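S.K.: Contents of target-v6.txt (compact mmCIF, C-alpha atoms):
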```
# COMPACT_ATOMS: atom_id res chain seq x y z
CA MET G 1 0.00 0.00 0.00
CA GLY G 2 1.13 3.55 -0.74
CA VAL G 3 0.67 6.64 1.41
CA LEU G 4 -2.69 6.60 3.22
CA VAL G 5 -4.74 9.77 3.73
CA ILE G 6 -6.91 9.68 6.86
CA THR G 7 -9.70 12.10 7.71
CA ASP G 8 -13.17 11.99 9.31
CA THR G 9 -16.81 12.17 8.24
CA SER G 10 -17.11 15.89 9.00
CA ALA G 11 -14.90 16.57 5.95
CA CYS G 12 -17.88 16.10 3.60
CA LEU G 13 -15.90 14.27 0.93
CA PRO G 14 -17.64 13.28 -2.30
CA SER G 15 -18.60 9.60 -2.07
CA HIS G 16 -16.28 8.47 -4.87
CA VAL G 17 -13.31 10.04 -3.06
CA ALA G 18 -14.23 8.46 0.28
CA ARG G 19 -14.19 5.04 -1.44
CA ARG G 20 -10.61 5.36 -2.72
CA ASP G 21 -8.21 2.63 -1.58
CA ASP G 22 -5.77 5.23 -0.26
CA VAL G 23 -8.38 7.05 1.85
CA ARG G 24 -9.74 6.20 5.29
CA VAL G 25 -12.70 8.23 6.55
CA LEU G 26 -13.12 7.69 10.28
CA PRO G 27 -16.77 7.99 11.32
CA ILE G 28 -17.94 10.31 14.06
CA THR G 29 -20.41 8.59 16.41
CA ILE G 30 -23.86 10.15 16.84
CA HIS G 31 -25.62 9.60 20.17
CA LEU G 32 -29.37 9.55 19.50
CA PRO G 33 -31.99 9.10 22.24
CA TRP G 34 -32.44 5.42 21.34
CA GLY G 35 -28.81 4.48 20.70
CA ASP G 36 -25.54 5.23 18.94
CA VAL G 37 -25.06 5.31 15.17
CA LEU G 38 -22.20 6.26 12.86
CA ALA G 39 -22.43 9.63 11.15
CA ASP G 40 -21.97 8.12 7.69
CA ALA G 41 -24.78 5.55 8.04
CA PRO G 42 -27.77 5.93 5.68
CA GLY G 43 -30.57 8.12 7.01
CA VAL G 44 -28.65 9.46 10.01
CA ALA G 45 -28.95 13.12 9.03
CA ARG G 46 -32.73 12.84 8.80
CA ALA G 47 -32.86 11.12 12.20
CA VAL G 48 -30.70 13.85 13.74
CA PHE G 49 -32.87 16.65 12.39
CA GLU G 50 -36.09 14.93 13.46
CA CYS G 51 -34.74 14.55 17.00
CA LEU G 52 -33.68 18.19 17.09
CA GLU G 53 -37.12 19.26 15.87
CA ARG G 54 -38.69 17.36 18.78
CA GLY G 55 -36.31 19.03 21.20
CA GLU G 56 -34.49 15.77 21.99
CA GLU G 57 -30.84 15.77 22.97
CA VAL G 58 -28.35 14.66 20.32
CA LYS G 59 -24.60 14.52 20.88
CA SER G 60 -21.55 13.24 19.03
CA SER G 61 -18.16 11.68 19.77
CA ALA G 62 -15.04 12.21 17.70
CA PRO G 63 -12.94 9.28 16.48
CA SER G 64 -10.83 8.04 19.39
CA VAL G 65 -7.07 7.66 19.69
CA VAL G 66 -7.57 3.93 19.05
CA ASP G 67 -9.54 4.68 15.86
CA TYR G 68 -6.76 6.88 14.53
CA LEU G 69 -4.07 4.44 15.60
CA GLY G 70 -5.76 1.54 13.78
CA ALA G 71 -6.01 3.57 10.59
CA VAL G 72 -2.40 4.77 10.76
CA GLU G 73 -1.12 1.23 11.28
CA GLU G 74 -2.83 0.19 8.04
CA ALA G 75 -0.42 2.41 6.13
CA GLY G 76 2.66 0.40 7.03
CA SER G 77 6.02 1.82 6.05
CA ALA G 78 4.53 4.09 3.36
CA GLY G 79 3.11 6.32 6.08
CA ALA G 80 -0.14 8.17 6.72
CA LEU G 81 -1.23 11.79 6.41
CA VAL G 82 -3.95 12.56 8.97
CA ILE G 83 -5.98 15.65 8.06
CA VAL G 84 -8.14 16.96 10.90
CA PRO G 85 -10.44 19.93 11.59
CA ALA G 86 -8.92 23.04 13.15
CA ALA G 87 -7.53 22.32 16.62
CA GLU G 88 -9.78 25.06 18.04
CA PHE G 89 -12.94 23.13 17.12
CA THR G 90 -12.60 19.51 18.23
CA VAL G 91 -10.50 16.93 20.10
CA MET G 92 -9.67 15.18 16.82
CA HIS G 93 -6.41 17.11 16.52
CA ARG G 94 -5.31 15.87 19.95
CA ASN G 95 -6.47 12.29 19.37
CA ALA G 96 -4.69 12.09 16.03
CA HIS G 97 -1.43 13.43 17.51
CA LEU G 98 -1.53 10.87 20.32
CA ALA G 99 -2.11 8.09 17.78
CA ALA G 100 0.77 9.31 15.61
CA ALA G 101 3.08 9.24 18.62
CA LEU G 102 2.08 5.67 19.44
CA ALA G 103 2.11 4.29 15.90
CA ARG G 104 4.86 2.15 14.43
CA SER G 105 4.04 3.50 10.97
CA PRO G 106 5.19 7.01 9.98
CA ALA G 107 2.37 9.51 10.45
CA LEU G 108 1.99 13.28 10.08
CA VAL G 109 -1.03 15.13 11.48
CA ILE G 110 -2.08 18.16 9.43
CA ASP G 111 -4.38 20.77 10.97
CA SER G 112 -6.62 21.88 8.10
CA ARG G 113 -7.26 25.19 9.94
CA THR G 114 -10.88 24.84 8.86
CA ALA G 115 -13.70 22.28 8.91
CA ALA G 116 -16.49 20.64 6.90
CA ALA G 117 -16.31 21.01 3.11
CA ALA G 118 -13.22 23.23 3.33
CA GLN G 119 -11.41 20.45 5.19
CA GLY G 120 -12.48 18.15 2.38
CA LEU G 121 -10.76 20.41 -0.14
CA VAL G 122 -7.51 20.12 1.82
CA VAL G 123 -7.86 16.34 1.62
CA LEU G 124 -8.44 16.56 -2.13
CA GLU G 125 -5.23 18.58 -2.55
CA ALA G 126 -3.22 15.92 -0.74
CA LEU G 127 -4.73 13.20 -2.91
CA ALA G 128 -4.06 15.16 -6.10
CA ALA G 129 -0.41 15.46 -5.09
CA LEU G 130 -0.21 11.71 -4.52
CA ASP G 131 -1.80 11.10 -7.91
CA ARG G 132 0.96 13.24 -9.46
CA GLY G 133 3.57 11.04 -7.79
CA ALA G 134 4.59 13.63 -5.20
CA GLY G 135 5.02 11.05 -2.44
CA PHE G 136 4.61 11.52 1.31
CA ALA G 137 6.52 14.79 1.65
CA GLY G 138 4.98 16.34 -1.45
CA ALA G 139 1.44 15.44 -0.45
CA ALA G 140 2.01 16.79 3.08
CA ARG G 141 3.31 20.05 1.65
CA ALA G 142 0.30 20.33 -0.69
CA ALA G 143 -2.12 19.80 2.21
CA GLU G 144 -0.36 22.32 4.45
CA GLU G 145 -0.37 24.95 1.71
CA ALA G 146 -4.05 24.26 0.98
CA ALA G 147 -4.87 24.70 4.68
CA GLN G 148 -3.52 28.25 4.51
CA ARG G 149 -5.80 29.02 1.56
CA ALA G 150 -8.98 27.28 2.76
CA ARG G 151 -12.04 29.51 3.10
CA LEU G 152 -15.68 28.76 3.96
CA VAL G 153 -18.73 31.01 4.03
CA ALA G 154 -22.16 29.79 5.09
CA ALA G 155 -25.55 30.84 6.43
CA LEU G 156 -27.66 29.27 9.15
CA ASP G 157 -31.35 28.86 8.43
CA ASP G 158 -32.41 30.02 11.90
CA LEU G 159 -31.14 30.51 15.44
CA ARG G 160 -32.91 27.74 17.35
CA HIS G 161 -29.87 25.52 17.58
CA LEU G 162 -27.68 28.37 18.78
CA ARG G 163 -30.25 28.87 21.51
CA ARG G 164 -29.72 25.28 22.67
CA SER G 165 -25.97 25.86 22.87
CA GLY G 166 -26.44 28.51 25.55
CA ARG G 167 -23.58 30.57 24.10
CA VAL G 168 -25.71 33.52 22.95
CA PRO G 169 -27.84 35.62 25.35
CA ALA G 170 -31.51 34.60 25.17
CA GLN G 171 -32.68 38.22 24.83
CA ALA G 172 -30.48 38.80 21.79
CA LEU G 173 -31.68 35.55 20.23
CA SER G 174 -35.34 36.39 20.77
CA PHE G 175 -34.91 39.77 19.09
CA ALA G 176 -33.01 38.25 16.15
CA GLU G 177 -35.59 35.48 15.72
CA ARG G 178 -38.42 38.03 15.54
CA LEU G 179 -36.56 39.74 12.72
CA GLY G 180 -36.15 36.40 10.92
CA VAL G 181 -32.41 36.83 10.41
CA ARG G 182 -30.12 34.20 8.87
CA PRO G 183 -26.60 34.64 10.25
CA VAL G 184 -23.83 34.52 7.63
CA PHE G 185 -20.35 33.62 8.85
CA VAL G 186 -16.88 33.01 7.46
CA LEU G 187 -14.46 30.35 8.70
CA ARG G 188 -10.74 30.72 8.10
CA ASP G 189 -7.53 29.96 9.97
CA GLY G 190 -9.36 28.33 12.87
CA MET G 191 -11.64 31.31 13.50
CA VAL G 192 -15.34 31.97 12.89
CA GLU G 193 -16.40 35.53 12.13
CA ARG G 194 -19.96 36.79 11.66
CA LEU G 195 -20.41 38.67 8.41
CA GLY G 196 -24.00 39.81 8.57
CA LEU G 197 -27.62 39.11 9.49
CA PRO G 198 -29.69 39.06 6.28
CA ARG G 199 -33.44 38.94 6.83
CA SER G 200 -34.30 36.69 3.88
CA GLU G 201 -33.07 33.50 2.28
CA GLU G 202 -32.17 35.30 -0.94
CA GLY G 203 -30.34 37.97 1.01
CA ALA G 204 -28.27 35.30 2.76
CA LEU G 205 -27.38 33.59 -0.53
CA ARG G 206 -26.34 36.89 -2.10
CA ARG G 207 -24.23 37.76 0.95
CA ILE G 208 -22.42 34.41 0.69
CA ALA G 209 -21.80 34.92 -3.02
CA ARG G 210 -20.42 38.45 -2.49
CA GLU G 211 -18.00 37.30 0.20
CA ALA G 212 -16.85 34.37 -1.91
CA ALA G 213 -16.23 36.68 -4.87
CA ARG G 214 -14.20 39.01 -2.65
CA GLY G 215 -12.24 36.01 -1.41
CA GLY G 216 -11.18 35.02 -4.91
CA ILE G 217 -13.47 32.07 -5.61
CA GLY G 218 -13.40 32.98 -9.30
CA CYS G 219 -9.72 32.04 -9.38
CA ALA G 220 -9.88 29.23 -6.82
CA SER G 221 -8.12 25.97 -7.56
CA ARG G 222 -10.94 24.03 -5.87
CA SER G 223 -14.44 24.83 -4.64
CA ALA G 224 -17.50 23.06 -3.27
CA ALA G 225 -21.02 24.12 -2.39
CA PHE G 226 -22.58 22.34 0.58
CA HIS G 227 -25.91 22.08 2.35
CA ALA G 228 -27.76 20.43 5.22
CA ALA G 229 -30.92 18.80 3.80
CA CYS G 230 -31.55 21.63 1.31
CA PRO G 231 -30.05 20.63 -2.07
CA GLU G 232 -32.21 23.09 -4.00
CA ARG G 233 -30.81 25.98 -1.93
CA ALA G 234 -27.26 24.81 -2.67
CA GLU G 235 -28.03 24.77 -6.39
CA ARG G 236 -29.37 28.34 -6.21
CA LEU G 237 -26.18 29.41 -4.47
CA ARG G 238 -24.14 27.59 -7.08
CA ALA G 239 -25.96 29.53 -9.80
CA LEU G 240 -25.14 32.82 -8.07
CA LEU G 241 -21.50 31.81 -7.79
CA GLY G 242 -21.35 30.80 -11.45
CA HIS G 243 -19.53 27.53 -10.73
CA THR G 244 -18.31 25.14 -8.06
CA ASP G 245 -16.52 21.85 -8.63
CA HIS G 246 -19.13 19.81 -6.78
CA VAL G 247 -21.96 19.89 -4.22
CA VAL G 248 -21.78 17.88 -0.99
CA GLU G 249 -24.10 17.35 1.95
CA PHE G 250 -23.16 18.44 5.44
CA SER G 251 -22.20 15.62 7.77
CA ALA G 252 -24.85 14.64 10.30
CA ALA G 253 -22.24 15.33 12.99
CA MET G 254 -22.08 18.97 11.88
CA GLY G 255 -25.85 19.17 11.55
CA ILE G 256 -26.24 18.57 15.29
CA HIS G 257 -24.90 22.07 15.90
CA THR G 258 -26.50 23.88 12.97
CA GLY G 259 -29.77 22.12 12.26
CA PRO G 260 -31.09 21.69 8.71
CA GLY G 261 -31.10 24.43 6.10
CA VAL G 262 -27.44 25.42 6.29
CA VAL G 263 -25.95 26.36 2.93
CA GLY G 264 -22.53 27.62 1.96
CA VAL G 265 -19.42 27.36 -0.16
CA ALA G 266 -15.82 26.39 0.49
CA TRP G 267 -12.86 27.19 -1.73
CA LEU G 268 -9.07 27.38 -1.85
CA ALA G 269 -8.18 31.03 -2.30
CA PRO G 270 -5.58 31.95 -4.94
CA GLU G 271 -1.99 31.93 -3.74
CA GLY G 272 -0.51 35.27 -2.81
```
So, in terms of structure tokens, how does the structure I just supplied come out?
M.R.:
Amino acid sequence: MGVLVITDTSACLPSHVARRDDVRVLPITIHLPWGDVLADAPGVARAVFECLERGEEVKSSAPSVVDYLGAVEEAGSAGALVIVPAAEFTVMHRNAHLAAALARSPALVIDSRTAAAAQGLVVLEALAALDRGAGFAGAARAAEEAAQRARLVAALDDLRHLRRSGRVPAQALSFAERLGVRPVFVLRDGMVERLGLPRSEEGALRRIAREAARGGIGCASRSAAFHAACPERAERLRALLGHTDHVVEFSAAMGIHTGPGVVGVAWLAPEG
């Protein structure tokens, strides 16, 4: 076996990429009221959103150190590149580093500095480098450079799931909900920044498209639109953008925190 690229289900990889022999996608575990399921199992996203709609508690668990260690050991002497979400967001970065330290096979953990579909683009850059014959070092360099250029802009459909998090004052949420706002945010270099509070779905889509244009999506080497149970909304965004390489669905593990209706775009900004 050649170099193995390891990531997790939150990366929103296209299905044909996730099935590659040199890719291992470690599933996040979803804890539903009636039992545990893997985030990549059929129908899980719908189950998650139905539970959230009923006000039931849904949680998730990241791949463990043992999960990462087992995947790294598969690589043998060729080595493994482990691409994880930004260290600020999850324990996956820590778990992967512990596994790499324990493994007999060579392993390098790469912080994508982003998450979701943007993390998936970093994975795609590593795989493209391997396909060109770049080898372990070349693929690692390609992923690290892509992480510095990864951008993501998205809009939430409503604020109910932020209310459950308890991180935003209830009074502010109530006021925003009465206005019907759809928060638009940008994710880059491990940070989330609010961009605006459009009061309509079309306004949110236009705001995403404007920010993506400012961020150089027209010259991006890779791009992907994404959505949580709203494919038609993603296609409307794609039309506003003019083009994206593909459309992917949000992982059920991400949907726990956002609810359905999320739509956005990820891209690798031009160098320089």
S.K.: For each of G:Ala134, G:Ile256, G:Ala129, G:Ala101, take the minimum atom-to-atom distance to Glu56 (chain G), counting only C-alpha atoms, then give the residue where this is smallest.
M.R.: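 Ranked by minimum distance to Glu56 (chain G), first place goes to G:Ile256.
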S.K.: Near region 221-223 of chain G, counting only C-alpha atoms, which residues have an atom at most 8 Å away, once you skip same-chain residues fewer than 5 positions from it, shown as a list of chain:residue names?
M.R.: G:Leu121, G:Thr244, G:Asp245, G:His246, G:Val265, G:Ala266, G:Trp267, G:Leu268, G:Ala269, G:Pro270
S.K.: Just to confirm, what's the straight-line distance from CA of Ala86 (chain G) to CA of Ala252 (chain G) in Å (one decimal)?
M.R.: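 It comes out at 18.2 Å.
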S.K.: Which value, in Å to one decimal, gives the distance between CA of Ser64 (chain G) and CA of Leu108 (chain G)?
M.R.: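 Those two atoms sit 16.7 Å apart.
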S.K.: Residues within 10 Å of Ile30 (chain G), please, as number ranges by chain. Count all atoms listed in the file; anything in the same chain fewer than 6 positions from it doesn't count.
M.R.: G: 36-41, 44-45, 48, 58-62, 252-253, 256
S.K.: Which residues come within 7 Å of Val25 (chain G), counting all atoms listed in the file, excluding same-chain residues fewer than 6 positions away, as a ChimeraX atom specification?
M.R.: /G:6-9,18
S.K.: Please measure the separation of CA of Phe49 (chain G) and CA of Val66 (chain G), giving the value in Å to one decimal.
M.R.: 29.1 Å
S.K.: Using all atoms listed in the file, pick whichever of G:Leu152, G:Leu81, G:Ala47, G:Ala220 has the shortest atom-to-atom distance to Ala137 (chain G).
M.R.: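 Using all atoms listed in the file, the shortest distance to Ala137 (chain G) belongs to G:Leu81.
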S.K.: Please identify all polymer residues within 9 Å of Arg104 (chain G), counting all atoms listed in the file, omitting same-chain residues fewer than 2 positions from it, and present them as a ChimeraX atom specification.
M.R.: /G:72-73,76-77,100-102,106-107
S.K.: Measuring between all atoms listed in the file, which one of G:Pro14, G:Pro85, G:Pro198, G:Gly120 shows the shortest distance to Asp157 (chain G)?
M.R.: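 Comparing G:Pro14, G:Pro85, G:Pro198, G:Gly120 against Asp157 (chain G), the winner is G:Pro198.
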S.K.: Which is closer to Ala80 (chain G) than all the others in G:Ala117, G:Leu130, G:Cys51, G:Ala11, using only C-alpha atoms?
M.R.: G:Leu130
S.K.: Using all atoms listed in the file, which of G:Val248, G:Val84, G:Ala142, G:Val5 sits nearest Gln119 (chain G)?
M.R.: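 For Gln119 (chain G), the nearest of the given residues is G:Val84.
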S.K.: So which one's closest to Ala75 (chain G), G:Pro63, G:Gly2, G:Gly133, G:Gly138? Using all atoms listed in the file, please.
M.R.: G:Gly2
S.K.: So which residues touch Ala155 (chain G) within 7 Å, counting only C-alpha atoms, skipping near sequence neighbours fewer than 6 positions away, as number ranges by chain?
M.R.: G: 182-185, 204, 262-264
